[in-house]
file my_file-v6.cif (mmCIF, C-alpha atoms)
data_protein
loop_
_atom_site.label_atom_id
_atom_site.label_comp_id
_atom_site.auth_asym_id
_atom_site.auth_seq_id
_atom_site.Cartn_x
_atom_site.Cartn_y
_atom_site.Cartn_z
CA MET A 1 18.60 12.23 -25.57
CA ASN A 2 17.72 14.58 -22.70
CA VAL A 3 17.85 12.68 -19.39
CA GLN A 4 14.55 13.91 -17.91
CA TYR A 5 12.80 13.32 -21.18
CA LYS A 6 14.19 9.82 -21.46
CA LYS A 7 13.13 9.03 -17.91
CA GLY A 8 9.55 9.98 -18.69
CA VAL A 9 9.54 7.84 -21.81
CA LEU A 10 11.13 4.90 -19.99
CA THR A 11 8.40 5.08 -17.34
CA LEU A 12 5.82 4.87 -20.11
CA CYS A 13 7.67 1.95 -21.73
CA VAL A 14 8.04 -0.29 -18.68
CA MET A 15 4.45 0.33 -17.68
CA ALA A 16 3.07 -0.21 -21.17
CA LEU A 17 5.02 -3.49 -21.49
CA SER A 18 3.47 -4.68 -18.23
CA MET A 19 -0.14 -4.00 -19.19
CA ASN A 20 -0.94 -7.51 -20.39
CA LYS A 21 1.76 -9.61 -18.81
CA ASP A 22 3.96 -9.57 -15.72
CA HIS A 23 7.68 -9.50 -16.48
CA TYR A 24 10.89 -9.88 -14.55
CA GLY A 25 13.36 -7.02 -14.68
CA TYR A 26 15.70 -8.57 -17.23
CA GLU A 27 12.86 -9.10 -19.71
CA LEU A 28 11.79 -5.48 -19.44
CA VAL A 29 15.36 -4.24 -19.82
CA LYS A 30 16.05 -6.39 -22.88
CA ASN A 31 12.76 -5.62 -24.52
CA ILE A 32 13.44 -1.89 -24.30
CA SER A 33 17.17 -1.97 -25.08
CA GLU A 34 16.43 -3.91 -28.28
CA LYS A 35 14.47 -0.90 -29.50
CA PHE A 36 16.58 2.05 -28.48
CA LEU A 37 19.84 2.77 -26.72
CA ILE A 38 19.64 3.00 -22.94
CA ALA A 39 21.95 2.47 -20.01
CA GLU A 40 20.27 -0.78 -19.01
CA GLY A 41 21.14 -0.32 -15.36
CA THR A 42 18.86 2.70 -15.01
CA ILE A 43 15.71 0.62 -15.51
CA TYR A 44 16.07 -1.01 -12.08
CA PRO A 45 16.02 2.21 -10.05
CA LEU A 46 13.05 3.27 -12.17
CA LEU A 47 11.21 0.03 -11.36
CA ARG A 48 12.00 0.49 -7.68
CA ARG A 49 10.59 4.00 -7.72
CA LEU A 50 7.42 2.99 -9.57
CA THR A 51 6.97 0.13 -7.11
CA LYS A 52 7.33 2.47 -4.15
CA GLU A 53 4.84 4.85 -5.72
CA GLY A 54 2.37 1.96 -5.86
CA TYR A 55 2.25 1.52 -9.64
CA PHE A 56 3.84 -1.91 -9.48
CA SER A 57 3.74 -4.77 -7.03
CA THR A 58 6.43 -7.44 -7.07
CA TYR A 59 6.52 -11.15 -6.37
CA LEU A 60 9.15 -13.83 -6.60
CA VAL A 61 8.88 -16.85 -8.86
CA GLU A 62 11.15 -19.86 -8.54
CA SER A 63 13.04 -20.61 -11.75
CA GLN A 64 14.47 -23.93 -12.91
CA GLU A 65 17.87 -22.38 -13.49
CA GLY A 66 18.43 -21.23 -9.93
CA PRO A 67 17.39 -18.45 -7.54
CA PRO A 68 13.93 -16.94 -7.86
CA ARG A 69 13.20 -14.04 -10.17
CA LYS A 70 11.43 -10.83 -9.21
CA TYR A 71 8.33 -10.22 -11.30
CA TYR A 72 6.71 -6.83 -11.69
CA LYS A 73 2.93 -6.64 -11.82
CA LEU A 74 1.09 -3.48 -12.75
CA THR A 75 -1.36 -2.46 -10.00
CA GLU A 76 -4.79 -0.95 -10.60
CA LEU A 77 -3.27 2.45 -9.81
CA GLY A 78 -0.48 1.74 -12.29
CA ARG A 79 -2.96 0.73 -14.95
CA ASN A 80 -4.85 4.00 -14.61
CA HIS A 81 -1.62 5.94 -14.62
CA VAL A 82 -0.21 4.30 -17.74
CA LEU A 83 -3.44 4.95 -19.63
CA GLU A 84 -3.01 8.64 -18.84
CA LEU A 85 0.66 8.51 -19.88
CA ILE A 86 -0.28 6.87 -23.17
CA ASP A 87 -2.87 9.55 -23.84
CA ASP A 88 -0.34 12.28 -23.11
CA TRP A 89 2.21 10.58 -25.30
CA LYS A 90 -0.19 10.30 -28.24
CA THR A 91 -1.12 13.98 -28.05
CA PHE A 92 2.52 14.93 -27.73
CA SER A 93 3.88 12.71 -30.50
CA ASN A 94 1.05 13.66 -32.89
CA GLY A 95 1.94 17.30 -32.29
CA VAL A 96 5.63 16.70 -32.90
CA ASN A 97 4.92 14.71 -36.06
CA LEU A 98 2.73 17.49 -37.45
CA ILE A 99 5.48 19.99 -36.75
CA ILE A 100 8.06 17.80 -38.47
CA GLU A 101 5.81 17.39 -41.51
CA GLU A 102 5.34 21.13 -41.68
CA GLY A 103 9.11 21.60 -41.47
CA ILE A 104 9.77 19.09 -44.23
CA LYS A 105 7.15 20.72 -46.46
CA ASP A 106 8.81 24.10 -45.96
CA VAL A 107 12.16 22.66 -46.97
CA ALA A 108 10.62 21.07 -50.09
CA ASN A 109 9.06 24.33 -51.22
CA MET B 1 34.49 -4.65 -15.79
CA SER B 2 33.56 -7.99 -14.21
CA GLN B 3 30.37 -8.69 -12.30
CA THR B 4 32.17 -8.64 -8.96
CA GLU B 5 33.87 -5.39 -9.77
CA PHE B 6 30.62 -3.80 -10.92
CA LEU B 7 28.71 -4.84 -7.81
CA GLN B 8 31.59 -3.83 -5.56
CA ARG B 9 31.76 -0.37 -7.07
CA LEU B 10 28.00 0.07 -6.88
CA SER B 11 28.02 -1.10 -3.27
CA ASN B 12 30.71 1.45 -2.36
CA LEU B 13 28.81 4.23 -4.07
CA LEU B 14 25.66 3.37 -2.13
CA LYS B 15 27.33 3.50 1.27
CA ASN B 16 25.02 6.25 2.50
CA ILE B 17 21.88 4.26 1.78
CA PRO B 18 20.50 2.02 4.56
CA GLU B 19 21.91 -1.50 4.38
CA GLU B 20 18.60 -3.24 3.70
CA GLU B 21 17.74 -0.97 0.80
CA LYS B 22 21.27 -1.27 -0.57
CA GLN B 23 21.12 -5.09 -0.54
CA ASP B 24 17.78 -4.91 -2.27
CA ILE B 25 19.23 -2.73 -5.02
CA LEU B 26 22.30 -4.92 -5.44
CA SER B 27 20.17 -8.06 -5.68
CA ASP B 28 18.40 -6.61 -8.73
CA TYR B 29 21.76 -6.36 -10.49
CA GLU B 30 22.87 -9.80 -9.31
CA GLU B 31 19.70 -11.19 -10.84
CA HIS B 32 20.39 -9.29 -14.06
CA PHE B 33 23.94 -10.65 -14.30
CA ARG B 34 22.77 -14.17 -13.50
CA ILE B 35 20.09 -14.27 -16.18
CA ALA B 36 22.33 -12.60 -18.77
CA ILE B 37 25.19 -15.00 -18.15
CA GLU B 38 22.82 -17.98 -18.19
CA SER B 39 21.66 -16.89 -21.62
CA GLY B 40 25.27 -16.98 -22.75
CA ARG B 41 26.28 -13.35 -22.71
CA PRO B 42 29.83 -12.36 -21.74
CA GLU B 43 30.06 -10.84 -18.28
CA ILE B 44 32.11 -7.84 -19.44
CA GLN B 45 29.56 -6.95 -22.09
CA VAL B 46 26.66 -7.26 -19.64
CA ALA B 47 28.40 -4.89 -17.26
CA ALA B 48 29.11 -2.43 -20.08
CA GLU B 49 25.46 -2.44 -21.18
CA LEU B 50 24.24 -1.75 -17.68
CA GLY B 51 26.09 1.55 -17.78
CA LYS B 52 28.36 3.23 -15.28
CA PRO B 53 27.77 2.27 -11.63
CA GLU B 54 28.10 6.01 -10.89
CA ILE B 55 25.04 6.79 -12.99
CA ILE B 56 23.03 4.00 -11.43
CA ALA B 57 24.08 5.02 -7.92
CA LYS B 58 23.07 8.60 -8.64
CA GLU B 59 19.60 7.45 -9.67
CA CYS B 60 19.24 5.31 -6.56
CA ILE B 61 20.41 8.06 -4.23
CA THR B 62 18.11 10.63 -5.86
CA ASN B 63 15.17 8.25 -5.49
CA PHE B 64 16.06 7.61 -1.90
CA HIS B 65 16.20 11.31 -1.05
CA LEU B 66 13.04 12.13 -2.96
CA GLU B 67 11.23 9.43 -1.08
CA LYS B 68 12.50 10.65 2.27
CA ALA B 69 11.53 14.20 1.37
CA SER B 70 7.98 13.18 0.55
CA GLU B 71 7.74 11.19 3.80
CA ASN B 72 8.91 14.22 5.76
CA GLN B 73 6.45 16.36 3.92
CA SER B 74 3.52 14.19 4.83
CA VAL B 75 4.57 14.22 8.50
CA SER B 76 4.93 17.99 8.45
CA SER B 77 1.62 18.45 6.66
CA LEU B 78 -0.06 16.26 9.27
CA PHE B 79 1.32 18.56 11.94
CA ARG B 80 0.21 21.52 9.92
CA ALA B 81 -3.32 20.14 9.71
CA ILE B 82 -3.44 19.60 13.47
CA TYR B 83 -1.94 23.02 14.04
CA THR B 84 -4.50 24.61 11.73
CA SER B 85 -7.44 22.89 13.42
CA VAL B 86 -6.24 23.75 16.90
CA GLY B 87 -5.20 27.25 15.85
CA LEU B 88 -8.51 27.88 14.18
CA GLY B 89 -10.37 26.61 17.23
CA PHE B 90 -8.26 28.80 19.46
CA PHE B 91 -8.85 31.86 17.30
CA ASN B 92 -12.58 31.15 17.28
CA VAL B 93 -12.77 30.83 21.05
CA ILE B 94 -10.64 33.89 21.84
CA PHE B 95 -11.75 36.36 19.21
CA LEU B 96 -15.07 35.17 17.91
CA LEU B 97 -16.89 33.60 20.84
CA GLY B 98 -17.34 36.98 22.61
CA PRO B 99 -18.69 38.87 19.59
CA PHE B 100 -20.80 35.85 18.69
CA ILE B 101 -22.48 35.76 22.10
CA ALA B 102 -22.91 39.57 21.99
CA ALA B 103 -24.53 39.36 18.55
CA VAL B 104 -26.89 36.61 19.71
CA ALA B 105 -27.74 38.69 22.80
CA VAL B 106 -28.46 41.81 20.71
CA ILE B 107 -30.67 39.86 18.32
CA PHE B 108 -32.47 38.24 21.24
CA SER B 109 -33.03 41.61 22.90
CA LEU B 110 -34.45 42.99 19.65
CA PHE B 111 -37.10 40.31 19.76
CA VAL B 112 -37.79 40.91 23.46
CA VAL B 113 -38.18 44.66 22.89
CA SER B 114 -40.35 44.05 19.84
CA PHE B 115 -42.56 41.67 21.81
CA ALA B 116 -42.79 44.07 24.74
CA PHE B 117 -43.78 46.96 22.46
CA LEU B 118 -46.32 44.81 20.66
CA ILE B 119 -48.18 43.97 23.86
CA THR B 120 -48.34 47.57 25.18
CA PRO B 121 -51.88 48.06 23.75
CA LEU B 122 -53.01 45.22 26.06
CA ALA B 123 -51.53 47.14 29.00
CA ALA B 124 -53.28 50.29 27.79
CA ILE B 125 -56.59 48.42 27.65
CA ALA B 126 -55.95 47.01 31.12
CA SER B 127 -55.27 50.55 32.32
CA ALA B 128 -58.96 51.30 31.69
CA PHE B 129 -59.62 50.03 35.20
CA THR B 130 -57.11 52.31 36.87
CA VAL B 131 -57.18 55.60 34.91
CA ASP B 132 -58.97 58.62 36.29
CA SER B 133 -60.53 59.83 33.03
CA ILE B 134 -61.55 58.50 29.64
CA SER B 135 -59.18 60.92 27.92
CA GLU B 136 -56.24 59.48 29.80
CA PHE B 137 -57.32 56.03 28.67
CA PHE B 138 -57.34 57.09 25.01
CA LEU B 139 -53.99 58.84 25.39
CA ASN B 140 -52.56 55.58 26.77
CA LEU B 141 -54.18 53.61 23.98
CA PHE B 142 -52.85 55.80 21.17
CA ILE B 143 -49.34 55.95 22.62
CA SER B 144 -49.40 52.17 23.02
CA ILE B 145 -50.53 51.71 19.40
CA GLY B 146 -47.55 53.85 18.38
CA PHE B 147 -45.32 51.57 20.45
CA ALA B 148 -46.87 48.49 18.89
CA GLY B 149 -46.07 49.83 15.40
CA LEU B 150 -42.50 50.49 16.48
CA GLY B 151 -42.37 46.98 17.96
CA LEU B 152 -43.56 45.53 14.67
CA LEU B 153 -40.78 47.36 12.82
CA ILE B 154 -38.17 46.23 15.33
CA GLY B 155 -39.48 42.67 15.06
CA VAL B 156 -39.17 42.67 11.27
CA GLY B 157 -35.70 44.23 11.55
CA GLY B 158 -34.66 41.65 14.14
CA PHE B 159 -35.92 38.89 11.90
CA LYS B 160 -33.83 40.14 8.96
CA VAL B 161 -30.74 40.64 11.11
CA SER B 162 -31.03 37.14 12.56
CA ARG B 163 -31.44 35.61 9.10
CA ALA B 164 -28.28 37.38 7.91
CA PHE B 165 -26.48 36.36 11.06
CA ILE B 166 -27.40 32.69 10.67
CA ALA B 167 -26.29 32.75 7.04
CA TRP B 168 -23.01 34.37 7.99
CA SER B 169 -22.25 31.93 10.79
CA THR B 170 -23.10 28.94 8.60
CA ASN B 171 -20.67 30.22 5.98
CA TYR B 172 -18.06 30.85 8.58
CA VAL B 173 -18.29 27.32 9.97
CA LYS B 174 -18.21 25.94 6.43
CA SER B 175 -15.10 27.93 5.56
CA ASN B 176 -13.44 26.69 8.75
CA LEU B 177 -14.20 23.12 7.78
CA ASN B 178 -12.89 23.76 4.28
CA ILE B 179 -9.64 25.14 5.59
CA ILE B 180 -9.15 22.04 7.73
CA LYS B 181 -10.18 19.77 4.88
CA GLU B 182 -7.71 21.46 2.49
CA GLU B 183 -4.93 20.91 4.99
CA ASN B 184 -5.86 17.27 5.29
CA LYS B 185 -5.91 16.84 1.55
CA SER B 186 -2.23 17.68 1.29
CA ILE B 187 -1.26 14.83 3.61
#
call {"tool": "encode", "arguments": {"input": "my_file-v6.cif", "output": "structure tokens"}}
result
Amino acid sequence: MNVQYKKGVLTLCVMALSMNKDHYGYELVKNISEKFLIAEGTIYPLLRRLTKEGYFSTYLVESQEGPPRKYYKLTELGRNHVLELIDDWKTFSNGVNLIIEEGIKDVAN
Amino acid sequence: MSQTEFLQRLSNLLKNIPEEEKQDILSDYEEHFRIAIESGRPEIQVAAELGKPEIIAKECITNFHLEKASENQSVSSLFRAIYTSVGLGFFNVIFLLGPFIAAVAVIFSLFVVSFAFLITPLAAIASAFTVDSISEFFLNLFISIGFAGLGLLIGVGGFKVSRAFIAWSTNYVKSNLNIIKEENKSI
């Protein structure tokens, strides 16, 4: 998959996953990598960037197993942004799906 | 690749990034390894799934530079805003203050002339006490009425010119403010 394209989609994914619940990095990575192939390591720089842009805030939570874990919480700004991204994505994917259907129909005829 | 090897390679690749930021990045991957290993995954596989340290480092370095670039840009746009405000003020004082004062003076003098012309009939009437003959008095009166008409015209003209001038200067001040505001917006 095209790198820029994938980056955009990954942004949408990590933000969408964080809409209802705060997650630590590993959870986000695993949740996404279960669904499609990614270089897992690239999620962390992405999270750092989104945090610096103010879409996420982070906090540490002590864990029973050992050192604390860094949780990512979607900010108000992030929430507004992800809603826009989701809208864009829906328009885009609907368009692509229609095009694919048209293509398949043409092949069938 | 083992965890140590992975982190070591990433650390070397990030040598141009400030130490604090680098440690912060590395700690994300330490956390990842720790949780993965706790959940029973083999270290080598975890490292493989993370991807090449080179790719990760490239992402981090790009982010770092992008961020620095946008910081620099906001500093430079702040300077630009100050420069624009000062420059605009300077331009206004040097090139526009003179013409502005001249225009105000011309408009003011139009009103003065108009007023002076309008009151000439009063002077003509007053001249009744000093003129030698009645015909001279009427000559004065008719000439003064002519002047009063002219004064009326000049007054109306002056009024229109001043209205246009006020509208123009209001727009000019507004556009100045907009220019400064636009500059500030980009900060």
call {"tool": "residues_around", "arguments": {"input": "my_file-v6.cif", "residues": "A:Gly78", "least_positions_apart": "3", "cutoff": "8 Å", "atoms": "only C-alpha atoms", "output": "list of chain:residue names"}}
result
A:Met15, A:Gly54, A:Tyr55, A:Phe56, A:Leu74, A:Thr75, A:His81, A:Val82
call {"tool": "interface_residues", "arguments": {"input": "my_file-v6.cif", "of": "chain A", "to": "chain B", "cutoff": "10 Å", "atoms": "all atoms listed in the file", "output": "PyMOL selection string"}}
result
chain A and resi 24-27+29-30+33+37-46+48-49+52-53+65-70
call {"tool": "atom_distance", "arguments": {"input": "my_file-v6.cif", "atom1": "atom CA of B:Met1", "atom2": "atom CA of A:Ile32"}}
result
22.9 Å
call {"tool": "resolve_selection", "arguments": {"input": "my_file-v6.cif", "expression": "the PyMOL selection byres ((chain B and resi 140-144) around 6)", "output": "PyMOL selection string"}}
result
chain B and resi 120-121+124+137-139+145-147
call {"tool": "residues_around", "arguments": {"input": "my_file-v6.cif", "residues": "B:Ile166", "least_positions_apart": "6", "cutoff": "12 Å", "atoms": "only C-alpha atoms", "output": "compact mmCIF listing (two decimals) with C-alpha atoms, keeping the file's coordinate frame"}}
result
# COMPACT_ATOMS: atom_id res chain seq x y z
CA PHE B 100 -20.80 35.85 18.69
CA ALA B 103 -24.53 39.36 18.55
CA VAL B 104 -26.89 36.61 19.71
CA ILE B 107 -30.67 39.86 18.32
CA PHE B 159 -35.92 38.89 11.90
CA LYS B 160 -33.83 40.14 8.96
CA TYR B 172 -18.06 30.85 8.58
CA VAL B 173 -18.29 27.32 9.97
call {"tool": "atom_distance", "arguments": {"input": "my_file-v6.cif", "atom1": "atom CA of B:Glu43", "atom2": "atom CA of A:Leu60"}}
result
24.1 Å
call {"tool": "atom_distance", "arguments": {"input": "my_file-v6.cif", "atom1": "atom CA of A:Leu28", "atom2": "atom CA of A:Leu12"}}
result
12.0 Å
call {"tool": "resolve_selection", "arguments": {"input": "my_file-v6.cif", "expression": "the PyMOL selection byres ((chain B and resi 113) around 12)", "output": "VMD selection string"}}
result
chain B and resid 106 to 112 114 to 120 147 to 148 150 to 158
call {"tool": "closest_residue", "arguments": {"input": "my_file-v6.cif", "among": "B:Ser2, B:Ser85, B:Gln8, B:Asn16", "to": "B:Ile44", "atoms": "all atoms listed in the file"}}
result
B:Ser2
call {"tool": "closest_residue", "arguments": {"input": "my_file-v6.cif", "among": "A:Asn97, A:Val61, A:Leu10, A:Thr51", "to": "A:Lys35", "atoms": "all atoms listed in the file"}}
result
A:Leu10
call {"tool": "decode", "arguments": {"input": "my_file-v6.cif", "residues": "stretch 75-86 of chain A", "atoms": "all heavy atoms", "output": "PDB file, in the first residue's frame"}}
result
ATOM      1  N   THR A  75      -8.059  14.407  22.663  1.00  0.00           N
ATOM      2  CA  THR A  75      -8.469  15.718  23.182  1.00  0.00           C
ATOM      3  C   THR A  75      -9.725  16.177  22.455  1.00  0.00           C
ATOM      4  O   THR A  75     -10.175  15.548  21.505  1.00  0.00           O
ATOM      5  CB  THR A  75      -7.375  16.763  22.955  1.00  0.00           C
ATOM      6  OG1 THR A  75      -7.176  16.910  21.547  1.00  0.00           O
ATOM      7  CG2 THR A  75      -6.073  16.369  23.612  1.00  0.00           C
ATOM      8  N   GLU A  76     -10.267  17.295  22.904  1.00  0.00           N
ATOM      9  CA  GLU A  76     -11.451  17.858  22.240  1.00  0.00           C
ATOM     10  C   GLU A  76     -11.125  18.174  20.779  1.00  0.00           C
ATOM     11  O   GLU A  76     -11.901  17.896  19.872  1.00  0.00           O
ATOM     12  CB  GLU A  76     -11.863  19.137  23.000  1.00  0.00           C
ATOM     13  CG  GLU A  76     -13.326  19.476  22.935  1.00  0.00           C
ATOM     14  CD  GLU A  76     -14.265  18.283  23.084  1.00  0.00           C
ATOM     15  OE1 GLU A  76     -14.084  17.488  24.023  1.00  0.00           O
ATOM     16  OE2 GLU A  76     -15.174  18.164  22.234  1.00  0.00           O
ATOM     17  N   LEU A  77      -9.926  18.741  20.581  1.00  0.00           N
ATOM     18  CA  LEU A  77      -9.456  19.050  19.222  1.00  0.00           C
ATOM     19  C   LEU A  77      -9.369  17.776  18.387  1.00  0.00           C
ATOM     20  O   LEU A  77      -9.798  17.732  17.236  1.00  0.00           O
ATOM     21  CB  LEU A  77      -8.075  19.713  19.321  1.00  0.00           C
ATOM     22  CG  LEU A  77      -7.454  20.252  18.047  1.00  0.00           C
ATOM     23  CD1 LEU A  77      -8.194  21.491  17.592  1.00  0.00           C
ATOM     24  CD2 LEU A  77      -5.974  20.592  18.283  1.00  0.00           C
ATOM     25  N   GLY A  78      -8.830  16.713  19.024  1.00  0.00           N
ATOM     26  CA  GLY A  78      -8.695  15.437  18.336  1.00  0.00           C
ATOM     27  C   GLY A  78     -10.052  14.860  17.967  1.00  0.00           C
ATOM     28  O   GLY A  78     -10.240  14.313  16.880  1.00  0.00           O
ATOM     29  N   ARG A  79     -10.999  15.013  18.876  1.00  0.00           N
ATOM     30  CA  ARG A  79     -12.342  14.486  18.635  1.00  0.00           C
ATOM     31  C   ARG A  79     -12.977  15.171  17.418  1.00  0.00           C
ATOM     32  O   ARG A  79     -13.528  14.514  16.547  1.00  0.00           O
ATOM     33  CB  ARG A  79     -13.199  14.711  19.893  1.00  0.00           C
ATOM     34  CG  ARG A  79     -14.494  13.969  19.925  1.00  0.00           C
ATOM     35  CD  ARG A  79     -15.077  13.978  21.327  1.00  0.00           C
ATOM     36  NE  ARG A  79     -14.235  13.250  22.260  1.00  0.00           N
ATOM     37  CZ  ARG A  79     -14.262  11.926  22.399  1.00  0.00           C
ATOM     38  NH1 ARG A  79     -15.091  11.203  21.683  1.00  0.00           N
ATOM     39  NH2 ARG A  79     -13.457  11.319  23.259  1.00  0.00           N
ATOM     40  N   ASN A  80     -12.840  16.491  17.363  1.00  0.00           N
ATOM     41  CA  ASN A  80     -13.383  17.206  16.202  1.00  0.00           C
ATOM     42  C   ASN A  80     -12.682  16.768  14.922  1.00  0.00           C
ATOM     43  O   ASN A  80     -13.310  16.599  13.883  1.00  0.00           O
ATOM     44  CB  ASN A  80     -13.206  18.721  16.377  1.00  0.00           C
ATOM     45  CG  ASN A  80     -14.042  19.241  17.516  1.00  0.00           C
ATOM     46  OD1 ASN A  80     -15.055  18.645  17.876  1.00  0.00           O
ATOM     47  ND2 ASN A  80     -13.610  20.344  18.103  1.00  0.00           N
ATOM     48  N   HIS A  81     -11.366  16.613  15.030  1.00  0.00           N
ATOM     49  CA  HIS A  81     -10.586  16.249  13.853  1.00  0.00           C
ATOM     50  C   HIS A  81     -10.969  14.864  13.338  1.00  0.00           C
ATOM     51  O   HIS A  81     -11.141  14.659  12.142  1.00  0.00           O
ATOM     52  CB  HIS A  81      -9.095  16.311  14.188  1.00  0.00           C
ATOM     53  CG  HIS A  81      -8.205  16.108  13.006  1.00  0.00           C
ATOM     54  ND1 HIS A  81      -8.205  16.953  11.931  1.00  0.00           N
ATOM     55  CD2 HIS A  81      -7.293  15.136  12.729  1.00  0.00           C
ATOM     56  CE1 HIS A  81      -7.324  16.520  11.042  1.00  0.00           C
ATOM     57  NE2 HIS A  81      -6.762  15.419  11.499  1.00  0.00           N
ATOM     58  N   VAL A  82     -11.119  13.912  14.255  1.00  0.00           N
ATOM     59  CA  VAL A  82     -11.407  12.545  13.801  1.00  0.00           C
ATOM     60  C   VAL A  82     -12.802  12.478  13.174  1.00  0.00           C
ATOM     61  O   VAL A  82     -13.020  11.737  12.208  1.00  0.00           O
ATOM     62  CB  VAL A  82     -11.224  11.500  14.929  1.00  0.00           C
ATOM     63  CG1 VAL A  82     -12.297  11.602  15.983  1.00  0.00           C
ATOM     64  CG2 VAL A  82     -11.218  10.088  14.341  1.00  0.00           C
ATOM     65  N   LEU A  83     -13.732  13.279  13.673  1.00  0.00           N
ATOM     66  CA  LEU A  83     -15.063  13.285  13.057  1.00  0.00           C
ATOM     67  C   LEU A  83     -14.976  13.749  11.606  1.00  0.00           C
ATOM     68  O   LEU A  83     -15.625  13.181  10.722  1.00  0.00           O
ATOM     69  CB  LEU A  83     -16.015  14.184  13.859  1.00  0.00           C
ATOM     70  CG  LEU A  83     -16.402  13.626  15.241  1.00  0.00           C
ATOM     71  CD1 LEU A  83     -17.241  14.619  16.020  1.00  0.00           C
ATOM     72  CD2 LEU A  83     -17.127  12.291  15.110  1.00  0.00           C
ATOM     73  N   GLU A  84     -14.130  14.743  11.372  1.00  0.00           N
ATOM     74  CA  GLU A  84     -13.915  15.206   9.995  1.00  0.00           C
ATOM     75  C   GLU A  84     -13.280  14.099   9.153  1.00  0.00           C
ATOM     76  O   GLU A  84     -13.684  13.847   8.019  1.00  0.00           O
ATOM     77  CB  GLU A  84     -12.958  16.405   9.991  1.00  0.00           C
ATOM     78  CG  GLU A  84     -13.647  17.749  10.095  1.00  0.00           C
ATOM     79  CD  GLU A  84     -12.628  18.867  10.246  1.00  0.00           C
ATOM     80  OE1 GLU A  84     -11.588  18.820   9.544  1.00  0.00           O
ATOM     81  OE2 GLU A  84     -12.858  19.759  11.076  1.00  0.00           O
ATOM     82  N   LEU A  85     -12.256  13.452   9.735  1.00  0.00           N
ATOM     83  CA  LEU A  85     -11.564  12.379   8.999  1.00  0.00           C
ATOM     84  C   LEU A  85     -12.536  11.266   8.624  1.00  0.00           C
ATOM     85  O   LEU A  85     -12.483  10.717   7.521  1.00  0.00           O
ATOM     86  CB  LEU A  85     -10.419  11.807   9.841  1.00  0.00           C
ATOM     87  CG  LEU A  85      -9.194  12.690  10.069  1.00  0.00           C
ATOM     88  CD1 LEU A  85      -8.160  11.947  10.902  1.00  0.00           C
ATOM     89  CD2 LEU A  85      -8.579  13.107   8.733  1.00  0.00           C
ATOM     90  N   ILE A  86     -13.420  10.939   9.571  1.00  0.00           N
ATOM     91  CA  ILE A  86     -14.378   9.855   9.321  1.00  0.00           C
ATOM     92  C   ILE A  86     -15.318  10.249   8.185  1.00  0.00           C
ATOM     93  O   ILE A  86     -15.610   9.439   7.292  1.00  0.00           O
ATOM     94  CB  ILE A  86     -15.157   9.497  10.614  1.00  0.00           C
ATOM     95  CG1 ILE A  86     -14.204   8.821  11.605  1.00  0.00           C
ATOM     96  CG2 ILE A  86     -16.333   8.586  10.305  1.00  0.00           C
ATOM     97  CD1 ILE A  86     -14.790   8.600  12.988  1.00  0.00           C
TER      98      ILE A  86
END
